[in-house]
Structure formats: structure tokens, C-alpha cells
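J.: Structure file work13.cif (mmCIF, N, CA and C atoms) right here:
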```cif
data_work
loop_
_atom_site.label_atom_id
_atom_site.label_comp_id
_atom_site.auth_asym_id
_atom_site.auth_seq_id
_atom_site.Cartn_x
_atom_site.Cartn_y
_atom_site.Cartn_z
N MET A 25 0.84 -1.19 0.00
CA MET A 25 0.00 0.00 0.00
C MET A 25 0.88 1.24 0.00
N GLN A 26 0.53 2.22 -0.82
CA GLN A 26 1.33 3.43 -0.95
C GLN A 26 0.87 4.49 0.04
N PRO A 27 1.81 5.35 0.48
CA PRO A 27 1.43 6.44 1.38
C PRO A 27 0.51 7.43 0.66
N PRO A 28 -0.20 8.27 1.41
CA PRO A 28 -1.09 9.25 0.79
C PRO A 28 -0.31 10.17 -0.15
N ALA A 29 -1.01 10.68 -1.16
CA ALA A 29 -0.37 11.53 -2.15
C ALA A 29 0.23 12.79 -1.54
N GLU A 30 -0.33 13.25 -0.43
CA GLU A 30 0.15 14.49 0.18
C GLU A 30 1.52 14.34 0.83
N SER A 31 1.88 13.13 1.22
CA SER A 31 3.15 12.95 1.90
C SER A 31 4.29 12.92 0.90
N LEU A 32 5.38 13.56 1.23
CA LEU A 32 6.54 13.59 0.38
C LEU A 32 7.61 12.68 0.96
N PRO A 33 8.29 11.92 0.11
CA PRO A 33 9.34 11.05 0.61
C PRO A 33 10.51 11.87 1.13
N SER A 34 11.31 11.29 2.03
CA SER A 34 12.46 12.00 2.56
C SER A 34 13.49 12.23 1.47
N SER A 35 13.57 11.35 0.51
CA SER A 35 14.41 11.57 -0.66
C SER A 35 13.62 11.13 -1.88
N PRO A 36 13.79 11.84 -2.99
CA PRO A 36 12.99 11.49 -4.17
C PRO A 36 13.36 10.12 -4.71
N PRO A 37 12.42 9.46 -5.34
CA PRO A 37 12.72 8.15 -5.92
C PRO A 37 13.68 8.32 -7.10
N PRO A 38 14.49 7.32 -7.36
CA PRO A 38 15.40 7.42 -8.52
C PRO A 38 14.62 7.40 -9.82
N VAL A 39 15.13 8.13 -10.80
CA VAL A 39 14.54 8.17 -12.13
C VAL A 39 15.55 7.58 -13.11
N ARG A 40 15.13 6.55 -13.81
CA ARG A 40 16.00 5.89 -14.77
C ARG A 40 15.77 6.50 -16.15
N GLY A 41 16.80 6.39 -16.98
CA GLY A 41 16.68 6.89 -18.33
C GLY A 41 18.02 7.14 -18.97
N VAL A 42 17.98 7.69 -20.16
CA VAL A 42 19.18 8.00 -20.93
C VAL A 42 19.52 9.47 -20.73
N ASP A 43 20.67 9.72 -20.13
CA ASP A 43 21.13 11.10 -19.86
C ASP A 43 20.09 11.91 -19.08
N VAL A 44 19.62 11.38 -17.97
CA VAL A 44 18.59 12.04 -17.17
C VAL A 44 19.19 13.19 -16.36
N SER A 45 18.55 14.35 -16.45
CA SER A 45 18.97 15.53 -15.69
C SER A 45 18.34 15.51 -14.30
N ALA A 46 18.74 16.44 -13.48
CA ALA A 46 18.18 16.56 -12.12
C ALA A 46 16.68 16.85 -12.16
N ASN A 47 16.20 17.45 -13.25
CA ASN A 47 14.77 17.77 -13.40
C ASN A 47 14.01 16.71 -14.18
N THR A 48 14.62 15.58 -14.43
CA THR A 48 14.06 14.40 -15.10
C THR A 48 13.94 14.53 -16.61
N GLN A 49 14.58 15.54 -17.22
CA GLN A 49 14.64 15.56 -18.67
C GLN A 49 15.59 14.46 -19.10
N CYS A 50 15.46 14.03 -20.36
CA CYS A 50 16.31 12.94 -20.85
C CYS A 50 16.80 13.24 -22.26
N ALA A 51 17.51 12.29 -22.84
CA ALA A 51 18.02 12.46 -24.19
C ALA A 51 16.90 12.59 -25.22
N HIS A 52 15.73 12.02 -24.91
CA HIS A 52 14.61 12.04 -25.86
C HIS A 52 13.75 13.29 -25.72
N TRP A 53 13.52 13.72 -24.49
CA TRP A 53 12.64 14.86 -24.19
C TRP A 53 13.38 15.76 -23.20
N HIS A 54 13.71 16.98 -23.63
CA HIS A 54 14.57 17.81 -22.79
C HIS A 54 14.26 19.30 -22.83
N SER A 55 13.02 19.66 -23.14
CA SER A 55 12.65 21.08 -23.07
C SER A 55 12.50 21.45 -21.59
N GLU A 56 12.36 22.74 -21.33
CA GLU A 56 12.20 23.19 -19.94
C GLU A 56 10.90 22.68 -19.33
N ARG A 57 9.95 22.23 -20.14
CA ARG A 57 8.68 21.70 -19.64
C ARG A 57 8.66 20.18 -19.53
N ASP A 58 9.68 19.51 -20.02
CA ASP A 58 9.74 18.05 -19.96
C ASP A 58 10.30 17.62 -18.61
N ILE A 59 9.51 17.84 -17.57
CA ILE A 59 10.03 17.63 -16.21
C ILE A 59 9.17 16.68 -15.39
N ILE A 60 8.57 15.70 -16.05
CA ILE A 60 7.89 14.66 -15.27
C ILE A 60 8.54 13.32 -15.58
N ALA A 61 8.46 12.43 -14.64
CA ALA A 61 8.84 11.04 -14.85
C ALA A 61 7.62 10.21 -14.47
N ILE A 62 7.51 9.05 -15.08
CA ILE A 62 6.35 8.19 -14.83
C ILE A 62 6.80 6.85 -14.28
N ARG A 63 6.16 6.46 -13.17
CA ARG A 63 6.40 5.13 -12.60
C ARG A 63 5.67 4.13 -13.49
N HIS A 64 6.41 3.16 -13.96
CA HIS A 64 5.81 2.18 -14.87
C HIS A 64 5.20 1.04 -14.06
N LYS A 65 3.98 0.70 -14.44
CA LYS A 65 3.25 -0.35 -13.73
C LYS A 65 3.98 -1.68 -13.78
N CYS A 66 4.61 -1.98 -14.89
CA CYS A 66 5.25 -3.28 -15.10
C CYS A 66 6.39 -3.55 -14.14
N CYS A 67 7.12 -2.53 -13.72
CA CYS A 67 8.30 -2.74 -12.89
C CYS A 67 8.33 -1.86 -11.64
N GLY A 68 7.43 -0.89 -11.54
CA GLY A 68 7.40 -0.01 -10.38
C GLY A 68 8.50 1.03 -10.36
N GLU A 69 9.23 1.16 -11.44
CA GLU A 69 10.35 2.11 -11.52
C GLU A 69 9.95 3.35 -12.29
N TYR A 70 10.50 4.49 -11.85
CA TYR A 70 10.31 5.73 -12.59
C TYR A 70 11.28 5.78 -13.76
N TYR A 71 10.76 6.15 -14.92
CA TYR A 71 11.57 6.41 -16.11
C TYR A 71 11.22 7.79 -16.63
N ALA A 72 12.20 8.46 -17.22
CA ALA A 72 11.98 9.80 -17.73
C ALA A 72 10.97 9.81 -18.89
N CYS A 73 10.95 8.74 -19.68
CA CYS A 73 9.99 8.65 -20.78
C CYS A 73 9.87 7.20 -21.24
N ILE A 74 8.93 6.96 -22.11
CA ILE A 74 8.70 5.61 -22.61
C ILE A 74 9.90 5.11 -23.42
N SER A 75 10.57 6.00 -24.14
CA SER A 75 11.74 5.59 -24.92
C SER A 75 12.88 5.17 -24.01
N CYS A 76 13.02 5.83 -22.87
CA CYS A 76 14.03 5.42 -21.89
C CYS A 76 13.71 4.04 -21.35
N HIS A 77 12.42 3.79 -21.06
CA HIS A 77 12.00 2.47 -20.59
C HIS A 77 12.31 1.42 -21.64
N GLU A 78 11.97 1.70 -22.89
CA GLU A 78 12.23 0.75 -23.97
C GLU A 78 13.72 0.45 -24.11
N ALA A 79 14.56 1.47 -23.91
CA ALA A 79 16.00 1.30 -24.08
C ALA A 79 16.65 0.54 -22.93
N LEU A 80 16.10 0.66 -21.73
CA LEU A 80 16.82 0.17 -20.55
C LEU A 80 16.14 -0.93 -19.73
N ALA A 81 14.83 -1.02 -19.79
CA ALA A 81 14.12 -1.90 -18.85
C ALA A 81 14.28 -3.39 -19.15
N GLY A 82 14.37 -3.75 -20.40
CA GLY A 82 14.48 -5.16 -20.75
C GLY A 82 13.16 -5.92 -20.74
N HIS A 83 12.05 -5.20 -20.71
CA HIS A 83 10.72 -5.82 -20.77
C HIS A 83 9.75 -4.79 -21.33
N PRO A 84 8.61 -5.24 -21.85
CA PRO A 84 7.63 -4.29 -22.40
C PRO A 84 6.92 -3.52 -21.29
N ALA A 85 6.54 -2.31 -21.61
CA ALA A 85 5.79 -1.48 -20.67
C ALA A 85 4.33 -1.93 -20.64
N THR A 86 3.70 -1.74 -19.49
CA THR A 86 2.26 -1.97 -19.37
C THR A 86 1.62 -0.69 -18.84
N CYS A 87 0.35 -0.52 -19.15
CA CYS A 87 -0.38 0.70 -18.78
C CYS A 87 -1.09 0.54 -17.44
N TRP A 88 -1.22 1.65 -16.74
CA TRP A 88 -2.05 1.70 -15.54
C TRP A 88 -3.51 1.68 -15.96
N SER A 89 -4.33 0.89 -15.31
CA SER A 89 -5.76 0.83 -15.64
C SER A 89 -6.50 2.03 -15.03
N LYS A 90 -7.70 2.27 -15.52
CA LYS A 90 -8.52 3.37 -14.99
C LYS A 90 -8.78 3.19 -13.51
N SER A 91 -8.88 1.95 -13.05
CA SER A 91 -9.17 1.70 -11.63
C SER A 91 -7.96 2.01 -10.74
N GLU A 92 -6.82 2.28 -11.33
CA GLU A 92 -5.60 2.57 -10.56
C GLU A 92 -5.22 4.05 -10.58
N ARG A 93 -6.14 4.89 -10.89
CA ARG A 93 -5.85 6.33 -11.01
C ARG A 93 -5.49 6.99 -9.68
N GLY A 94 -5.69 6.32 -8.57
CA GLY A 94 -5.30 6.85 -7.27
C GLY A 94 -3.87 6.53 -6.90
N VAL A 95 -3.16 5.83 -7.74
CA VAL A 95 -1.77 5.45 -7.48
C VAL A 95 -0.84 6.62 -7.79
N ARG A 96 0.12 6.84 -6.91
CA ARG A 96 1.13 7.88 -7.15
C ARG A 96 2.10 7.33 -8.19
N ALA A 97 2.03 7.87 -9.41
CA ALA A 97 2.84 7.33 -10.50
C ALA A 97 3.47 8.41 -11.37
N VAL A 98 3.35 9.67 -10.99
CA VAL A 98 3.95 10.75 -11.76
C VAL A 98 4.78 11.61 -10.81
N LEU A 99 6.01 11.88 -11.21
CA LEU A 99 6.95 12.64 -10.38
C LEU A 99 7.26 13.97 -11.04
N CYS A 100 7.07 15.06 -10.30
CA CYS A 100 7.48 16.37 -10.80
C CYS A 100 9.00 16.46 -10.65
N GLY A 101 9.67 16.74 -11.74
CA GLY A 101 11.12 16.82 -11.71
C GLY A 101 11.65 18.05 -11.00
N LYS A 102 10.81 19.06 -10.82
CA LYS A 102 11.27 20.27 -10.14
C LYS A 102 11.18 20.13 -8.62
N CYS A 103 10.00 19.82 -8.09
CA CYS A 103 9.83 19.76 -6.63
C CYS A 103 9.86 18.35 -6.07
N LYS A 104 9.85 17.35 -6.97
CA LYS A 104 9.91 15.92 -6.60
C LYS A 104 8.64 15.42 -5.94
N ARG A 105 7.55 16.14 -6.09
CA ARG A 105 6.26 15.67 -5.58
C ARG A 105 5.78 14.51 -6.44
N GLU A 106 5.25 13.49 -5.80
CA GLU A 106 4.64 12.38 -6.52
C GLU A 106 3.14 12.64 -6.59
N LEU A 107 2.62 12.66 -7.80
CA LEU A 107 1.20 12.90 -8.03
C LEU A 107 0.51 11.59 -8.34
N THR A 108 -0.75 11.51 -7.93
CA THR A 108 -1.54 10.37 -8.38
C THR A 108 -1.81 10.58 -9.87
N ILE A 109 -2.19 9.52 -10.53
CA ILE A 109 -2.52 9.63 -11.95
C ILE A 109 -3.67 10.60 -12.13
N ASP A 110 -4.69 10.51 -11.26
CA ASP A 110 -5.81 11.46 -11.33
C ASP A 110 -5.35 12.90 -11.18
N GLU A 111 -4.48 13.16 -10.19
CA GLU A 111 -3.97 14.52 -9.98
C GLU A 111 -3.27 15.03 -11.24
N TYR A 112 -2.43 14.17 -11.80
CA TYR A 112 -1.68 14.57 -12.99
C TYR A 112 -2.60 14.86 -14.16
N LEU A 113 -3.56 13.99 -14.42
CA LEU A 113 -4.45 14.18 -15.55
C LEU A 113 -5.33 15.41 -15.39
N ALA A 114 -5.57 15.84 -14.16
CA ALA A 114 -6.44 16.99 -13.90
C ALA A 114 -5.69 18.28 -13.61
N CYS A 115 -4.37 18.27 -13.63
CA CYS A 115 -3.60 19.43 -13.16
C CYS A 115 -3.47 20.57 -14.16
N GLY A 116 -3.93 20.39 -15.39
CA GLY A 116 -3.83 21.47 -16.37
C GLY A 116 -2.39 21.77 -16.76
N ASN A 117 -1.52 20.76 -16.70
CA ASN A 117 -0.11 20.90 -17.08
C ASN A 117 0.68 21.84 -16.18
N VAL A 118 0.25 21.90 -14.91
CA VAL A 118 0.95 22.70 -13.90
C VAL A 118 1.05 21.87 -12.64
N CYS A 119 2.25 21.75 -12.09
CA CYS A 119 2.42 20.98 -10.86
C CYS A 119 1.60 21.60 -9.74
N PRO A 120 0.77 20.81 -9.07
CA PRO A 120 0.00 21.35 -7.95
C PRO A 120 0.86 21.66 -6.73
N GLY A 121 2.09 21.16 -6.72
CA GLY A 121 2.98 21.42 -5.59
C GLY A 121 3.81 22.67 -5.73
N CYS A 122 4.39 22.90 -6.93
CA CYS A 122 5.32 24.01 -7.10
C CYS A 122 4.96 24.94 -8.25
N THR A 123 3.90 24.67 -8.97
CA THR A 123 3.38 25.40 -10.12
C THR A 123 4.33 25.39 -11.34
N ALA A 124 5.26 24.46 -11.38
CA ALA A 124 6.10 24.32 -12.57
C ALA A 124 5.22 23.89 -13.75
N ALA A 125 5.55 24.39 -14.92
CA ALA A 125 4.78 24.05 -16.12
C ALA A 125 5.24 22.71 -16.68
N PHE A 126 4.26 21.84 -16.99
CA PHE A 126 4.53 20.57 -17.63
C PHE A 126 4.25 20.70 -19.13
N ASN A 127 4.85 19.84 -19.92
CA ASN A 127 4.67 19.86 -21.37
C ASN A 127 3.26 19.40 -21.73
N PRO A 128 2.44 20.27 -22.33
CA PRO A 128 1.09 19.85 -22.70
C PRO A 128 1.09 18.78 -23.79
N GLY A 129 2.18 18.68 -24.54
CA GLY A 129 2.28 17.66 -25.57
C GLY A 129 2.31 16.25 -25.03
N CYS A 130 2.59 16.09 -23.73
CA CYS A 130 2.59 14.76 -23.13
C CYS A 130 1.22 14.09 -23.26
N ALA A 131 0.17 14.89 -23.38
CA ALA A 131 -1.18 14.33 -23.53
C ALA A 131 -1.28 13.44 -24.77
N ASN A 132 -0.43 13.68 -25.76
CA ASN A 132 -0.43 12.86 -26.97
C ASN A 132 0.07 11.45 -26.71
N HIS A 133 0.67 11.23 -25.54
CA HIS A 133 1.27 9.93 -25.21
C HIS A 133 0.63 9.26 -23.99
N TYR A 134 -0.44 9.81 -23.47
CA TYR A 134 -1.08 9.23 -22.28
C TYR A 134 -1.38 7.76 -22.46
N ASP A 135 -1.79 7.37 -23.68
CA ASP A 135 -2.17 5.98 -23.90
C ASP A 135 -1.01 5.00 -23.78
N LEU A 136 0.22 5.50 -23.78
CA LEU A 136 1.39 4.65 -23.59
C LEU A 136 1.60 4.31 -22.11
N TYR A 137 0.98 5.09 -21.22
CA TYR A 137 1.17 4.94 -19.79
C TYR A 137 -0.11 4.58 -19.04
N PHE A 138 -1.21 5.18 -19.49
CA PHE A 138 -2.48 5.09 -18.77
C PHE A 138 -3.59 4.58 -19.69
N GLU A 139 -4.48 3.75 -19.15
CA GLU A 139 -5.67 3.40 -19.89
C GLU A 139 -6.52 4.65 -20.05
N VAL A 140 -6.91 4.96 -21.27
CA VAL A 140 -7.69 6.19 -21.51
C VAL A 140 -9.08 5.86 -22.05
#
```
Could you write out this file's structure as C-alpha cells?

T.:
Amino acid sequence: MQPPAESLPSSPPPVRGVDVSANTQCAHWHSERDIIAIRHKCCGEYYACISCHEALAGHPATCWSKSERGVRAVLCGKCKRELTIDEYLACGNVCPGCTAAFNPGCANHYDLYFEV
């Protein structure tokens, strides 16, 4: 069972990927707004993007189901807050913790991570 979304870990979870920056940008996505990482359901690990997962994980990615939208699976690369899937999908591309702007283009890839 995961802690409530409001609680912050004492140290942020590690983010895997190719050339990952402190703000979770990677070799594939590295604009100032590309600052989220997603915990993958298949392995429970945060990756900077799906391409990083494909390059490094050694297994296919699986999507979070609609019934799992309360799971903390999105990490803000700026403040390190873990958002539930519901929080992330409803945040309007702005971190509810630190107001950092997220890339609105990520919506084009939701189906790679979440059942839509």
C-alpha cells in the first residue's frame, strides 16, 4: 500500500533513463517543460519517458488501468512531488505542488502509460 499523495518522501525516488537531468529531462525529451517522470506499472520504476524504458528496462511497458488512477505514479522533476494519476491528468499541465509548467504535448502519449 502506498502512502497518501500528500506525503513527500524524505528523498525522491530514482529516475531511470538515458542522460537524465536533475529535473528528469532525458536524451529524448529535454525542453524546460519536460520535467515529469512516470512510474511504470510493469516494474514499479520511474523512467523519464517511454523511450528510456524501452532502451533500458528489458521488458515491455504496461499501462495503468482506470481503476488505478489513485496510485502515485507521476513525479514532478522540479519539486519531486509524486502525483496520483488522477492529480496529474487533472492538473492542467501545472504541478499542484510548485506550479512548474509541464509539457502539454505529453497528452499525446497518455495511452502509452495510462488506460484512456

J.: Which residue gives the smallest distance to A:Ala124 among A:Leu107, A:Cys73, A:Lys102, A:His54, with only N, CA and C atoms counted?

T.: A:Lys102

J.: Skip stretch 44-47 of chain A itself and residues of its chain fewer than 2 positions away, then list as a list in words all residues within 5 Å of it, counting only N, CA and C atoms.

T.: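 Listing them by chain and then by number gives Gly41, Val42, Gln49, Cys50, Ile59, Gly101 and Lys102 of chain A.
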
J.: Could you tell me which residues the PyMOL selection byres ((chain A and resi 88-93) around 6.5) grabs in this file, written as an mmCIF file with N, CA and C atoms, in the coordinates of the input?

T.:
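Once everything was written out, this is expr_39.cif:
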```cif
data_model
loop_
_atom_site.group_PDB
_atom_site.id
_atom_site.type_symbol
_atom_site.label_atom_id
_atom_site.label_comp_id
_atom_site.auth_asym_id
_atom_site.auth_seq_id
_atom_site.Cartn_x
_atom_site.Cartn_y
_atom_site.Cartn_z
ATOM 1 N N LYS A 65 3.980 0.700 -14.440
ATOM 2 C CA LYS A 65 3.250 -0.350 -13.730
ATOM 3 C C LYS A 65 3.980 -1.680 -13.780
ATOM 4 N N THR A 86 3.700 -1.740 -19.490
ATOM 5 C CA THR A 86 2.260 -1.970 -19.370
ATOM 6 C C THR A 86 1.620 -0.690 -18.840
ATOM 7 N N CYS A 87 0.350 -0.520 -19.150
ATOM 8 C CA CYS A 87 -0.380 0.700 -18.780
ATOM 9 C C CYS A 87 -1.090 0.540 -17.440
ATOM 10 N N GLY A 94 -5.690 6.320 -8.570
ATOM 11 C CA GLY A 94 -5.300 6.850 -7.270
ATOM 12 C C GLY A 94 -3.870 6.530 -6.900
ATOM 13 N N VAL A 95 -3.160 5.830 -7.740
ATOM 14 C CA VAL A 95 -1.770 5.450 -7.480
ATOM 15 C C VAL A 95 -0.840 6.620 -7.790
ATOM 16 N N ARG A 96 0.120 6.840 -6.910
ATOM 17 C CA ARG A 96 1.130 7.880 -7.150
ATOM 18 C C ARG A 96 2.100 7.330 -8.190
ATOM 19 N N THR A 108 -0.750 11.510 -7.930
ATOM 20 C CA THR A 108 -1.540 10.370 -8.380
ATOM 21 C C THR A 108 -1.810 10.580 -9.870
ATOM 22 N N ILE A 109 -2.190 9.520 -10.530
ATOM 23 C CA ILE A 109 -2.520 9.630 -11.950
ATOM 24 C C ILE A 109 -3.670 10.600 -12.130
ATOM 25 N N ASP A 110 -4.690 10.510 -11.260
ATOM 26 C CA ASP A 110 -5.810 11.460 -11.330
ATOM 27 C C ASP A 110 -5.350 12.900 -11.180
ATOM 28 N N GLU A 111 -4.480 13.160 -10.190
ATOM 29 C CA GLU A 111 -3.970 14.520 -9.980
ATOM 30 C C GLU A 111 -3.270 15.030 -11.240
ATOM 31 N N TYR A 137 0.980 5.090 -21.220
ATOM 32 C CA TYR A 137 1.170 4.940 -19.790
ATOM 33 C C TYR A 137 -0.110 4.580 -19.040
ATOM 34 N N PHE A 138 -1.210 5.180 -19.490
ATOM 35 C CA PHE A 138 -2.480 5.090 -18.770
ATOM 36 C C PHE A 138 -3.590 4.580 -19.690
ATOM 37 N N GLU A 139 -4.480 3.750 -19.150
ATOM 38 C CA GLU A 139 -5.670 3.400 -19.890
ATOM 39 C C GLU A 139 -6.520 4.650 -20.050
ATOM 40 N N VAL A 140 -6.910 4.960 -21.270
ATOM 41 C CA VAL A 140 -7.690 6.190 -21.510
ATOM 42 C C VAL A 140 -9.080 5.860 -22.050
#
```

J.: Please report the interatomic distance between atom CA of A:Pro84 and atom CA of A:Ala72 in Å with one decimal.

T.: 15.5 Å

J.: Tell me, which residues of stretch 75-128 of chain A carry DSSP alpha helix (DSSP H), written as a VMD selection string?

T.: chain A and resid 75 to 80 109 to 114

J.: Identify which of the residues A:Cys76, A:Cys122, A:Val39, A:Cys100 lies closest to A:Ala51, counting all atoms listed in the file when measuring atom-to-atom distances.

T.: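 Closest candidate: A:Cys76.
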
J.: What is the distance between atom CA of A:Lys104 and atom CA of A:Pro36, in Å to one decimal?

T.: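 Value for the atom CA of A:Lys104-atom CA of A:Pro36 distance: 5.9 Å.
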
J.: To one decimal in Å, tell me the separation between atom CA of A:Gly82 and atom CA of A:Val98.

T.: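 Atom CA of A:Val98 lies 21.1 Å from atom CA of A:Gly82.
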